[in-house]
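Here the structure comes first, spelled out in structure tokens, and everything after it is commentary.
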Amino acid sequence: MRKTIKIPRILKINRIDGLSISVVFNNGDSRMIDFREVFKDMGLSRRAGIRKLSIPKEFKKVQLNNNTLSWHNAGDSVVFKGKKIRVPFEIGADVLFKYSKKDLLVSTLAIGQRLREIREQSGLTQKVLAQRSGTTPNYISRIENDRSGIELSTLQKIVVTGLGRQLEVKIR
């Protein structure tokens, strides 16, 4: 039986700083990858077609193509069916995720952090909050530590029923 590996897909490029790119994955993570490290580890800086990406002006020409970072201004020539064709340099989500770190400049929802603050101010343990809201202490812990997403209906149940507060959601 074949094992399925789930790798988040890249949805958007947030910004480019020098030779670093911040991206948003479909799991909601915003992550930053420093390509100097990637190029060094993969030995790519020695390849002529890719060497130009060490120039920030050329590096910024990146595009998102089918959830993959793609540079049409860099790459290699390959022979396909007897014809020499140029292919762009591409790096997929698997490599990005491996070399990336959480992007601390992207503001997050911070729901977990806020829930923890209110729970502690209310003098409740995770266990008591879980009992009151019909969840588990483990789930409350995962939310508070940003290790789990949360559905709006569950958030409402935790805030209104568990904490006795009102939930207000704004989209600006």
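To be explicit about the labels: the chains of the structure tokens are called A, B, and onward in the order shown, and within each one the residues are counted from 1, while ligands get numbers from 1 in the order they are shown.
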
Per-residue nearest contacts range 76-135 of chain A to range 9-14 of chain A, cut-off 12 Å, using only C-alpha atoms, as a Markdown table:
| residue | atom | partner | partner_atom | distance |
| --- | --- | --- | --- | --- |
| A:Ile91 | CA | A:Ile10 | CA | 10.7 |
| A:Gly92 | CA | A:Ile10 | CA | 8.2 |
| A:Ala93 | CA | A:Arg9 | CA | 5.9 |
| A:Asp94 | CA | A:Arg9 | CA | 8.6 |
| A:Val95 | CA | A:Ile10 | CA | 11.2 |
| A:Leu96 | CA | A:Ile10 | CA | 8.9 |
| A:Phe97 | CA | A:Ile10 | CA | 9.5 |
| A:Asp103 | CA | A:Asn14 | CA | 9.9 |
| A:Leu105 | CA | A:Asn14 | CA | 10.3 |
| A:Val106 | CA | A:Asn14 | CA | 8.5 |
| A:Ser107 | CA | A:Asn14 | CA | 11.5 |

### Contact residues around Met32 in chain A with only C-alpha atoms at 7 Å, ignoring same-chain residues under 5 positions, as a list in words
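Counting only C-alpha atoms, the residues come to Ser20, Ile21, Ser22, Val23, Ser100, Lys101, Lys102 and Asp103 of chain A.
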
Selection from above, N, CA and C atoms, as an mmCIF file, in the first residue's frame, can you write it?
data_model
loop_
_atom_site.group_PDB
_atom_site.id
_atom_site.type_symbol
_atom_site.label_atom_id
_atom_site.label_comp_id
_atom_site.auth_asym_id
_atom_site.auth_seq_id
_atom_site.Cartn_x
_atom_site.Cartn_y
_atom_site.Cartn_z
ATOM 1 N N SER A 20 15.056 36.219 0.356
ATOM 2 C CA SER A 20 14.087 35.489 1.171
ATOM 3 C C SER A 20 12.682 35.761 0.660
ATOM 4 N N ILE A 21 11.848 34.744 0.750
ATOM 5 C CA ILE A 21 10.462 34.862 0.296
ATOM 6 C C ILE A 21 9.538 34.389 1.406
ATOM 7 N N SER A 22 8.505 35.176 1.660
ATOM 8 C CA SER A 22 7.451 34.790 2.592
ATOM 9 C C SER A 22 6.255 34.329 1.763
ATOM 10 N N VAL A 23 5.734 33.151 2.106
ATOM 11 C CA VAL A 23 4.587 32.602 1.383
ATOM 12 C C VAL A 23 3.502 32.172 2.363
ATOM 13 N N SER A 100 11.891 26.298 5.476
ATOM 14 C CA SER A 100 11.253 27.523 5.943
ATOM 15 C C SER A 100 11.108 27.584 7.455
ATOM 16 N N LYS A 101 10.876 28.799 7.900
ATOM 17 C CA LYS A 101 10.597 29.066 9.303
ATOM 18 C C LYS A 101 9.323 29.906 9.355
ATOM 19 N N LYS A 102 8.634 29.861 10.464
ATOM 20 C CA LYS A 102 7.414 30.650 10.621
ATOM 21 C C LYS A 102 7.750 32.126 10.385
ATOM 22 N N ASP A 103 6.945 32.794 9.591
ATOM 23 C CA ASP A 103 7.159 34.209 9.301
ATOM 24 C C ASP A 103 6.566 35.032 10.426
#

Check range 7-103 of chain A with DSSP on the backbone and list each residue it calls helix (DSSP H, G or I), as a PDB file with N, CA and C atoms, in the first residue's frame.
ATOM      1  N   PHE A  35      16.724  31.734   0.701  1.00  0.00           N
ATOM      2  CA  PHE A  35      17.238  30.949  -0.412  1.00  0.00           C
ATOM      3  C   PHE A  35      18.755  30.849  -0.448  1.00  0.00           C
ATOM      4  N   ARG A  36      19.461  31.691   0.275  1.00  0.00           N
ATOM      5  CA  ARG A  36      20.916  31.515   0.362  1.00  0.00           C
ATOM      6  C   ARG A  36      21.221  30.141   0.957  1.00  0.00           C
ATOM      7  N   GLU A  37      20.447  29.767   1.963  1.00  0.00           N
ATOM      8  CA  GLU A  37      20.611  28.459   2.611  1.00  0.00           C
ATOM      9  C   GLU A  37      20.252  27.326   1.642  1.00  0.00           C
ATOM     10  N   VAL A  38      19.160  27.493   0.908  1.00  0.00           N
ATOM     11  CA  VAL A  38      18.725  26.457  -0.049  1.00  0.00           C
ATOM     12  C   VAL A  38      19.783  26.275  -1.128  1.00  0.00           C
ATOM     13  N   PHE A  39      20.229  27.382  -1.716  1.00  0.00           N
ATOM     14  CA  PHE A  39      21.214  27.306  -2.791  1.00  0.00           C
ATOM     15  C   PHE A  39      22.507  26.657  -2.309  1.00  0.00           C
ATOM     16  N   LYS A  40      22.919  26.992  -1.098  1.00  0.00           N
ATOM     17  CA  LYS A  40      24.154  26.431  -0.540  1.00  0.00           C
ATOM     18  C   LYS A  40      24.002  24.930  -0.298  1.00  0.00           C
ATOM     19  N   ASP A  41      22.928  24.541   0.410  1.00  0.00           N
ATOM     20  CA  ASP A  41      22.719  23.125   0.742  1.00  0.00           C
ATOM     21  C   ASP A  41      22.540  22.247  -0.484  1.00  0.00           C
ATOM     22  N   MET A  42      21.902  22.779  -1.506  1.00  0.00           N
ATOM     23  CA  MET A  42      21.612  21.980  -2.695  1.00  0.00           C
ATOM     24  C   MET A  42      22.699  22.116  -3.764  1.00  0.00           C
ATOM     25  N   LEU A  44      23.290  24.607  -5.602  1.00  0.00           N
ATOM     26  CA  LEU A  44      22.736  25.256  -6.785  1.00  0.00           C
ATOM     27  C   LEU A  44      23.499  26.514  -7.193  1.00  0.00           C
ATOM     28  N   SER A  45      24.232  27.106  -6.261  1.00  0.00           N
ATOM     29  CA  SER A  45      24.926  28.358  -6.579  1.00  0.00           C
ATOM     30  C   SER A  45      26.007  28.163  -7.640  1.00  0.00           C
ATOM     31  N   ARG A  46      26.418  26.915  -7.870  1.00  0.00           N
ATOM     32  CA  ARG A  46      27.453  26.646  -8.877  1.00  0.00           C
ATOM     33  C   ARG A  46      26.872  26.464 -10.279  1.00  0.00           C
ATOM     34  N   ALA A  48      25.240  27.524 -13.543  1.00  0.00           N
ATOM     35  CA  ALA A  48      25.216  28.802 -14.259  1.00  0.00           C
ATOM     36  C   ALA A  48      23.810  29.364 -14.432  1.00  0.00           C
ATOM     37  N   GLY A  49      22.850  28.531 -14.777  1.00  0.00           N
ATOM     38  CA  GLY A  49      21.498  29.013 -15.024  1.00  0.00           C
ATOM     39  C   GLY A  49      20.807  29.551 -13.791  1.00  0.00           C
ATOM     40  N   ILE A  50      21.266  29.129 -12.637  1.00  0.00           N
ATOM     41  CA  ILE A  50      20.621  29.522 -11.387  1.00  0.00           C
ATOM     42  C   ILE A  50      21.424  30.600 -10.664  1.00  0.00           C
ATOM     43  N   ARG A  51      22.681  30.723 -10.999  1.00  0.00           N
ATOM     44  CA  ARG A  51      23.571  31.666 -10.327  1.00  0.00           C
ATOM     45  C   ARG A  51      23.025  33.094 -10.340  1.00  0.00           C
ATOM     46  N   LYS A  52      22.329  33.467 -11.411  1.00  0.00           N
ATOM     47  CA  LYS A  52      21.804  34.831 -11.509  1.00  0.00           C
ATOM     48  C   LYS A  52      20.766  35.135 -10.432  1.00  0.00           C
ATOM     49  N   LEU A  53      20.196  34.105  -9.804  1.00  0.00           N
ATOM     50  CA  LEU A  53      19.205  34.336  -8.751  1.00  0.00           C
ATOM     51  C   LEU A  53      19.834  34.869  -7.472  1.00  0.00           C
ATOM     52  N   SER A  54      21.158  34.884  -7.404  1.00  0.00           N
ATOM     53  CA  SER A  54      21.823  35.484  -6.248  1.00  0.00           C
ATOM     54  C   SER A  54      21.788  37.009  -6.339  1.00  0.00           C
ATOM     55  N   PRO A  56      19.454  40.102  -6.205  1.00  0.00           N
ATOM     56  CA  PRO A  56      18.083  40.364  -5.747  1.00  0.00           C
ATOM     57  C   PRO A  56      17.119  40.825  -6.837  1.00  0.00           C
ATOM     58  N   LYS A  57      17.602  41.630  -7.786  1.00  0.00           N
ATOM     59  CA  LYS A  57      16.741  42.110  -8.877  1.00  0.00           C
ATOM     60  C   LYS A  57      16.211  40.933  -9.720  1.00  0.00           C
ATOM     61  N   GLU A  58      17.057  39.948  -9.971  1.00  0.00           N
ATOM     62  CA  GLU A  58      16.656  38.765 -10.732  1.00  0.00           C
ATOM     63  C   GLU A  58      15.813  37.821  -9.877  1.00  0.00           C
ATOM     64  N   PHE A  59      16.167  37.725  -8.596  1.00  0.00           N
ATOM     65  CA  PHE A  59      15.448  36.850  -7.667  1.00  0.00           C
ATOM     66  C   PHE A  59      13.986  37.275  -7.540  1.00  0.00           C
ATOM     67  N   ALA A  93       6.546  23.192  -2.882  1.00  0.00           N
ATOM     68  CA  ALA A  93       6.167  23.358  -1.481  1.00  0.00           C
ATOM     69  C   ALA A  93       6.945  22.436  -0.548  1.00  0.00           C
ATOM     70  N   ASP A  94       7.321  21.250  -1.027  1.00  0.00           N
ATOM     71  CA  ASP A  94       8.046  20.315  -0.162  1.00  0.00           C
ATOM     72  C   ASP A  94       9.389  20.894   0.260  1.00  0.00           C
ATOM     73  N   VAL A  95      10.132  21.454  -0.684  1.00  0.00           N
ATOM     74  CA  VAL A  95      11.432  22.058  -0.367  1.00  0.00           C
ATOM     75  C   VAL A  95      11.225  23.319   0.465  1.00  0.00           C
ATOM     76  N   LEU A  96      10.253  24.128   0.055  1.00  0.00           N
ATOM     77  CA  LEU A  96       9.974  25.350   0.805  1.00  0.00           C
ATOM     78  C   LEU A  96       9.659  25.049   2.262  1.00  0.00           C
ATOM     79  N   PHE A  97       8.811  24.073   2.473  1.00  0.00           N
ATOM     80  CA  PHE A  97       8.413  23.753   3.838  1.00  0.00           C
ATOM     81  C   PHE A  97       9.604  23.255   4.648  1.00  0.00           C
ATOM     82  N   LYS A  98      10.453  22.443   4.015  1.00  0.00           N
ATOM     83  CA  LYS A  98      11.632  21.899   4.706  1.00  0.00           C
ATOM     84  C   LYS A  98      12.589  23.003   5.160  1.00  0.00           C
ATOM     85  N   TYR A  99      12.808  23.995   4.322  1.00  0.00           N
ATOM     86  CA  TYR A  99      13.789  25.040   4.623  1.00  0.00           C
ATOM     87  C   TYR A  99      13.182  26.279   5.284  1.00  0.00           C
TER      88      TYR A  99
END

### Query
So which one's closest to Lys127 in chain A, A:Leu115, A:Ile7, A:Leu152, A:Ile140? Using only C-alpha atoms, please.
A:Ile140

### Task
Identify all residues of chain A in strand (DSSP E) (DSSP on the backbone) and supply them as a PyMOL selection string.
chain A and resi 10-17+20-25+30-34+63-65+68-80+83-91+100-102

Go ahead and save the picked residues with C-alpha atoms, as a PDB file, in the first residue's frame.
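And here's result_4.pdb as it stands now:
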ATOM      1  CA  ILE A  10       1.663  27.471  -1.654  1.00  0.00           C
ATOM      2  CA  LEU A  11      -1.252  29.860  -2.165  1.00  0.00           C
ATOM      3  CA  LYS A  12       0.378  33.269  -2.259  1.00  0.00           C
ATOM      4  CA  ILE A  13       3.673  35.119  -2.100  1.00  0.00           C
ATOM      5  CA  ASN A  14       3.494  37.619   0.783  1.00  0.00           C
ATOM      6  CA  ARG A  15       6.719  39.503   0.128  1.00  0.00           C
ATOM      7  CA  ILE A  16      10.300  39.204  -1.035  1.00  0.00           C
ATOM      8  CA  ASP A  17      13.148  40.552   1.107  1.00  0.00           C
ATOM      9  CA  SER A  20      14.087  35.489   1.171  1.00  0.00           C
ATOM     10  CA  ILE A  21      10.462  34.862   0.296  1.00  0.00           C
ATOM     11  CA  SER A  22       7.451  34.790   2.592  1.00  0.00           C
ATOM     12  CA  VAL A  23       4.587  32.602   1.383  1.00  0.00           C
ATOM     13  CA  VAL A  24       1.171  31.514   2.606  1.00  0.00           C
ATOM     14  CA  PHE A  25       0.387  27.798   2.577  1.00  0.00           C
ATOM     15  CA  SER A  30       2.891  32.037   6.604  1.00  0.00           C
ATOM     16  CA  ARG A  31       6.482  30.890   6.297  1.00  0.00           C
ATOM     17  CA  MET A  32       9.758  32.539   5.304  1.00  0.00           C
ATOM     18  CA  ILE A  33      12.512  30.790   3.397  1.00  0.00           C
ATOM     19  CA  ASP A  34      16.055  32.103   3.004  1.00  0.00           C
ATOM     20  CA  GLN A  63       6.134  33.824  -9.961  1.00  0.00           C
ATOM     21  CA  LEU A  64       3.708  31.397  -8.408  1.00  0.00           C
ATOM     22  CA  ASN A  65       2.901  28.736 -10.994  1.00  0.00           C
ATOM     23  CA  THR A  68       5.273  26.185  -7.142  1.00  0.00           C
ATOM     24  CA  LEU A  69       7.770  29.040  -7.037  1.00  0.00           C
ATOM     25  CA  SER A  70       9.059  29.529 -10.564  1.00  0.00           C
ATOM     26  CA  TRP A  71      11.773  31.691 -12.109  1.00  0.00           C
ATOM     27  CA  HIS A  72      11.499  31.891 -15.907  1.00  0.00           C
ATOM     28  CA  ASN A  73      14.596  34.096 -15.972  1.00  0.00           C
ATOM     29  CA  ALA A  74      16.701  31.221 -14.614  1.00  0.00           C
ATOM     30  CA  GLY A  75      16.820  27.531 -15.256  1.00  0.00           C
ATOM     31  CA  ASP A  76      18.382  24.944 -17.512  1.00  0.00           C
ATOM     32  CA  SER A  77      18.134  23.665 -21.021  1.00  0.00           C
ATOM     33  CA  VAL A  78      17.077  20.058 -21.479  1.00  0.00           C
ATOM     34  CA  VAL A  79      16.775  17.868 -24.514  1.00  0.00           C
ATOM     35  CA  PHE A  80      13.265  16.521 -25.024  1.00  0.00           C
ATOM     36  CA  LYS A  83      14.818  19.275 -29.195  1.00  0.00           C
ATOM     37  CA  LYS A  84      16.596  21.535 -26.755  1.00  0.00           C
ATOM     38  CA  ILE A  85      14.099  23.410 -24.604  1.00  0.00           C
ATOM     39  CA  ARG A  86      14.512  25.857 -21.760  1.00  0.00           C
ATOM     40  CA  VAL A  87      12.819  25.012 -18.458  1.00  0.00           C
ATOM     41  CA  PRO A  88      12.403  27.453 -15.590  1.00  0.00           C
ATOM     42  CA  PHE A  89      13.992  26.926 -12.210  1.00  0.00           C
ATOM     43  CA  GLU A  90      11.235  25.814  -9.835  1.00  0.00           C
ATOM     44  CA  ILE A  91      11.033  24.991  -6.158  1.00  0.00           C
ATOM     45  CA  SER A 100      11.253  27.523   5.943  1.00  0.00           C
ATOM     46  CA  LYS A 101      10.597  29.066   9.303  1.00  0.00           C
ATOM     47  CA  LYS A 102       7.414  30.650  10.621  1.00  0.00           C
TER      48      LYS A 102
END

### Message
Set the distance at 12 Å and use only C-alpha atoms: which residues neighbour range 164-166 of chain A once local chain neighbours fewer than 2 positions away are removed? I'd like the list as a ChimeraX atom specification.
### Response
/A:115,118-119,122,124,129,132-133,155-162,168-169

### Query
What is the distance, in Å and to one decimal place, between CA of Arg147 in chain A and CA of Asp29 in chain A?
10.9 Å

### Query
When you draw a straight line from CA of Asp146 in chain A to CA of Gln126 in chain A, how long is it in Å?
14.6 Å

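Across the model, the gap from CA of Leu104 in chain A to CA of Ser153 in chain A is 27.6 Å.
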
### Message
Could you list, as a PyMOL selection string, every residue within 9 Å of Arg116 in chain A, counting only C-alpha atoms and ignoring same-chain residues fewer than 2 positions away?
### Response
chain A and resi 111-114+118-121+126+140-141+143-145

The selected residues should be written to file as a PDB file, in the first residue's frame (atoms: C-alpha atoms).
ATOM      1  CA  ILE A 111      -6.948  33.244  18.754  1.00  0.00           C
ATOM      2  CA  GLY A 112      -5.178  30.640  20.878  1.00  0.00           C
ATOM      3  CA  GLN A 113      -3.134  33.225  22.705  1.00  0.00           C
ATOM      4  CA  ARG A 114      -6.244  35.324  23.399  1.00  0.00           C
ATOM      5  CA  ILE A 118      -9.110  35.011  29.018  1.00  0.00           C
ATOM      6  CA  ARG A 119      -9.141  31.488  30.458  1.00  0.00           C
ATOM      7  CA  GLU A 120      -6.361  32.361  32.912  1.00  0.00           C
ATOM      8  CA  GLN A 121      -8.007  35.701  33.827  1.00  0.00           C
ATOM      9  CA  GLN A 126      -7.963  23.816  30.488  1.00  0.00           C
ATOM     10  CA  ILE A 140      -7.958  23.376  24.302  1.00  0.00           C
ATOM     11  CA  SER A 141      -4.181  22.996  24.701  1.00  0.00           C
ATOM     12  CA  ILE A 143      -5.716  25.693  20.211  1.00  0.00           C
ATOM     13  CA  GLU A 144      -3.910  27.758  22.851  1.00  0.00           C
ATOM     14  CA  ASN A 145      -0.535  26.683  21.458  1.00  0.00           C
TER      15      ASN A 145
END
